[in-house]
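Visitor: coords.txt is the file, holding compact mmCIF, C-alpha atoms and all ligand atoms:
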# COMPACT_ATOMS: atom_id res chain seq x y z
CA MET B 2 12.50 88.02 50.06
CA ALA B 3 14.24 88.65 53.40
CA THR B 4 17.54 86.98 54.20
CA ALA B 5 17.80 84.65 57.19
CA THR B 6 19.53 87.39 59.20
CA GLN B 7 16.84 89.94 58.45
CA ALA B 8 14.11 87.47 59.31
CA ARG B 9 15.78 86.71 62.66
CA ALA B 10 16.11 90.43 63.46
CA LEU B 11 12.41 90.91 62.73
CA ARG B 12 11.47 88.04 65.05
CA VAL B 13 13.54 89.55 67.87
CA MET B 14 11.92 92.95 67.36
CA ALA B 15 8.47 91.42 67.27
CA ALA B 16 9.10 89.52 70.49
CA ALA B 17 10.35 92.68 72.22
CA ALA B 18 7.29 94.61 71.08
CA LEU B 19 4.97 91.85 72.30
CA SER B 20 6.61 91.71 75.71
CA LEU B 21 6.22 95.47 76.09
CA VAL B 22 2.55 95.13 75.32
CA ALA B 23 2.24 92.19 77.72
CA CYS B 24 3.94 93.97 80.62
CA GLY B 25 2.23 97.31 80.08
CA GLY B 26 -1.29 95.98 79.75
CA GLY B 27 -2.10 95.46 83.40
CA GLY B 28 -1.21 91.81 83.46
CA HIS B 29 -3.10 90.61 80.44
CA PRO B 30 -0.80 89.03 77.87
CA ALA B 31 -1.30 90.29 74.33
CA SER B 32 -3.90 88.09 72.75
CA HIS B 33 -1.72 87.02 69.84
CA ALA B 34 1.52 86.78 71.81
CA GLY B 35 1.91 83.05 71.06
CA GLY B 36 5.72 83.12 71.24
CA GLU B 37 7.47 81.73 74.30
CA GLU B 38 9.85 84.72 74.42
CA ALA B 39 6.99 87.10 75.11
CA VAL B 40 5.59 84.90 77.88
CA GLU B 41 8.98 84.60 79.59
CA SER B 42 9.57 88.34 79.44
CA HIS B 43 6.23 88.91 81.09
CA GLY B 44 7.13 86.52 83.90
CA ASP B 45 10.31 88.45 84.67
CA HIS B 46 8.37 91.61 85.33
CA GLY B 47 8.17 92.30 89.08
CA GLU B 48 4.71 93.04 90.45
CA ASP B 49 3.52 94.14 93.87
CA THR B 50 0.67 91.66 94.08
CA VAL B 51 1.26 88.03 94.96
CA SER B 52 -0.76 84.99 93.98
CA PHE B 53 -1.08 83.50 97.47
CA GLY B 54 -3.29 86.18 99.01
CA GLN B 55 -3.04 89.71 100.37
CA PRO B 56 -2.50 91.63 103.62
CA THR B 57 -5.69 92.92 105.21
CA GLU B 58 -6.74 95.18 108.07
CA GLU B 59 -7.19 93.34 111.35
CA ARG B 60 -10.85 94.35 111.75
CA ALA B 61 -11.67 92.34 108.61
CA ALA B 62 -10.46 89.08 110.17
CA GLU B 63 -12.96 86.27 110.60
CA ARG B 64 -10.91 84.59 113.34
CA THR B 65 -7.63 84.65 115.21
CA VAL B 66 -5.04 81.87 115.26
CA GLU B 67 -2.18 81.79 117.76
CA VAL B 68 1.17 80.50 116.56
CA THR B 69 4.37 80.03 118.51
CA ALA B 70 7.89 79.93 117.10
CA LEU B 71 10.35 77.68 118.91
CA ASP B 72 14.13 77.29 118.97
CA SER B 73 13.62 73.64 118.00
CA LEU B 74 12.95 75.15 114.53
CA GLU B 75 9.27 74.38 114.71
CA PHE B 76 6.05 76.32 114.60
CA GLN B 77 3.17 75.23 116.78
CA PRO B 78 0.86 74.33 115.26
CA GLY B 79 2.80 72.99 112.28
CA GLU B 80 -0.29 72.92 110.10
CA ILE B 81 -3.28 75.27 109.99
CA ASP B 82 -6.60 74.60 108.27
CA VAL B 83 -7.82 77.55 106.21
CA ASP B 84 -10.94 78.03 104.14
CA ALA B 85 -10.36 79.32 100.62
CA GLY B 86 -10.55 83.10 100.66
CA GLU B 87 -10.60 83.27 104.47
CA THR B 88 -9.17 86.24 106.39
CA ILE B 89 -7.25 85.35 109.55
CA THR B 90 -5.27 87.33 112.11
CA PHE B 91 -2.22 85.40 113.24
CA VAL B 92 -0.87 86.25 116.69
CA VAL B 93 2.69 84.99 116.55
CA THR B 94 4.87 84.66 119.64
CA ASN B 95 8.56 83.85 119.71
CA GLU B 96 8.97 81.58 122.73
CA GLY B 97 12.64 80.95 121.99
CA ASP B 98 15.91 82.68 122.76
CA ASP B 99 16.75 83.13 119.07
CA GLU B 100 15.20 85.54 116.57
CA HIS B 101 12.49 84.02 114.39
CA GLU B 102 10.24 85.06 111.52
CA PHE B 103 6.74 84.23 110.41
CA VAL B 104 6.58 84.66 106.64
CA ILE B 105 3.53 83.74 104.56
CA GLY B 106 4.16 82.66 100.99
CA ASP B 107 4.04 79.91 98.43
CA GLU B 108 7.07 77.71 97.90
CA ALA B 109 8.48 79.91 95.13
CA TYR B 110 8.24 82.96 97.38
CA GLN B 111 9.85 81.16 100.32
CA ASP B 112 12.73 79.97 98.15
CA GLN B 113 13.25 83.52 96.85
CA HIS B 114 13.07 85.00 100.34
CA GLU B 115 15.61 82.46 101.58
CA GLN B 116 18.05 83.93 99.02
CA ASP B 117 17.07 87.53 99.88
CA MET B 118 17.77 86.93 103.56
CA ALA B 119 21.40 86.29 102.68
CA HIS B 120 21.41 90.07 102.16
CA ASP B 121 19.85 90.73 105.58
CA MET B 122 16.38 91.67 104.38
CA ASP B 123 14.07 93.41 106.85
CA MET B 124 10.87 91.33 106.91
CA ASP B 125 8.96 93.94 108.91
CA SER B 126 9.00 96.15 105.81
CA GLU B 127 7.21 93.40 103.85
CA PRO B 128 3.42 93.01 104.02
CA ASN B 129 3.43 89.23 104.37
CA GLY B 130 5.67 88.60 107.37
CA VAL B 131 6.96 89.66 110.77
CA GLU B 132 10.30 89.43 112.55
CA LEU B 133 10.25 88.43 116.18
CA ALA B 134 12.85 89.07 118.84
CA PRO B 135 12.94 86.57 121.73
CA GLY B 136 9.71 86.83 123.71
CA GLN B 137 8.07 89.17 121.22
CA THR B 138 4.50 88.85 119.94
CA LYS B 139 3.27 90.39 116.67
CA LYS B 140 0.10 90.21 114.63
CA ILE B 141 -0.41 89.82 110.92
CA THR B 142 -3.76 89.67 109.14
CA TRP B 143 -3.93 87.85 105.82
CA THR B 144 -6.63 87.09 103.26
CA PHE B 145 -5.91 83.80 101.54
CA ALA B 146 -6.36 83.16 97.86
CA GLU B 147 -9.00 80.74 96.61
CA GLU B 148 -6.50 77.98 95.89
CA GLY B 149 -2.87 77.03 95.97
CA THR B 150 -0.33 75.74 98.46
CA VAL B 151 0.73 78.30 101.04
CA LEU B 152 3.47 77.94 103.66
CA TYR B 153 4.64 79.87 106.69
CA ALA B 154 8.33 79.85 107.32
CA CYS B 155 11.26 81.35 109.18
CA HIS B 156 14.32 82.48 107.26
CA GLU B 157 16.74 83.24 110.03
CA PRO B 158 20.04 81.63 108.95
CA GLY B 159 19.67 77.84 108.80
CA HIS B 160 16.08 77.77 110.05
CA TYR B 161 14.24 77.19 106.76
CA ASP B 162 16.74 74.51 105.75
CA GLY B 163 16.37 73.10 109.26
CA GLY B 164 12.66 72.56 108.66
CA MET B 165 11.16 75.67 110.21
CA VAL B 166 8.18 75.71 107.89
CA GLY B 167 4.48 74.99 108.37
CA SER B 168 1.69 74.62 105.85
CA PHE B 169 -1.80 76.01 105.43
CA SER B 170 -4.32 73.43 104.30
CA LEU B 171 -6.66 75.29 101.99
CA SER B 172 -10.12 73.85 101.55
CA SER B 173 -13.08 75.25 99.69
CU CU L 1 13.40 80.61 113.12
When written as structure tokens, how does the structure in this file appear?

Guide:
Amino acid sequence: MATATQARALRVMAAAALSLVACGGGGHPASHAGGEEAVESHGDHGEDTVSFGQPTEERAAERTVEVTALDSLEFQPGEIDVDAGETITFVVTNEGDDEHEFVIGDEAYQDQHEQDMAHDMDMDSEPNGVELAPGQTKKITWTFAEEGTVLYACHEPGHYDGGMVGSFSLSS
């Protein structure tokens, strides 16, 4: 019979093996992975896809929506109705004198990006947002997921905390 220490070591090894299986299997957790450790390990694994939709080529867009970013830390409109799964090209104009961003993401993504921006992240290198100098207009085409809460926000210093965030109302 194994000692308590040996049994604990075996559990740790088993959890590590399960998390390897979970992360290497294309996103499908091992079917008998029951343990919480394996699930948490899987969640830590960075992936390129996001749950709130995906970037798309402009020619696939079903419609165009114009958005303006203002120095009052507002987007106009502040809310946009979206059909589940819809593809939209956003034409975003910075009508202010400050730099602004238009970043699509769920709340978890926006919170993470707010931290990343402390390190001066370049949003133009990301597929889900644009950076706008004063007077600049840029386009971004996005296909929305079938469900979930999705926001658009600006993460220039103090802007997100100042309320520069709008919401997409997804309906099916
Ligand atoms: Cu801003």

Visitor: How far is it from atom CA of Val83 of chain B to atom CA of Gly54 of chain B, in Å with one decimal?

Guide: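 Separation between atom CA of Val83 of chain B and atom CA of Gly54 of chain B: 12.1 Å.
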
Visitor: Within 12 Å of ligand CU 1 (chain L), counting only C-alpha atoms and all ligand atoms: which residues, as number ranges by chain?

Guide: B: 69-76, 94-104, 115, 131-135, 153-167

Visitor: Between B:Glu147, B:Glu67, B:Asp123, B:Asp112, which is the closest to Val93 of chain B once you count only C-alpha atoms?

Guide: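 Ranked by minimum distance to Val93 of chain B, first place goes to B:Glu67.
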
Visitor: Pick out the closest residue to Tyr110 of chain B from this set: B:Gly86, B:Thr57, B:Pro78, B:Leu152. Count all atoms listed in the file.

Guide: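 Of all the options, B:Leu152 lies closest to Tyr110 of chain B.
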
Visitor: Would you compute the distance between atom CA of Phe53 of chain B and atom CA of Val68 of chain B? Give it in Å to one decimal.

Guide: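 Straight-line distance from atom CA of Phe53 of chain B to atom CA of Val68 of chain B works out to 19.5 Å.
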
Visitor: Quick one, how far is atom CA of Glu63 of chain B from atom CA of Val51 of chain B?

Guide: 21.2 Å

Visitor: Could you list, as a PyMOL selection string, every residue within 8 Å of Ser168 of chain B, counting only C-alpha atoms and ignoring same-chain residues fewer than 4 positions away?

Guide: chain B and resi 79-81+150-153

Visitor: Which residue out of B:Asn129, B:Thr90, B:Gln55, B:Gln77 has the minimum interatomic distance to Ala146 of chain B when only C-alpha atoms are used?

Guide: B:Gln55

Visitor: Using all atoms listed in the file for the distances, tell me which of B:Gly149, B:Gly106, B:Thr144, B:Arg64 is nearest to Glu127 of chain B.

Guide: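 Selected residue with least distance to Glu127 of chain B: B:Gly106.
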
Visitor: Select, from B:Met118, B:Ala61, B:Ala109, B:Ile89, the residue with the minimum atom-to-atom distance to Ile141 of chain B, counting all atoms listed in the file.

Guide: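 For Ile141 of chain B, the nearest of the given residues is B:Ile89.
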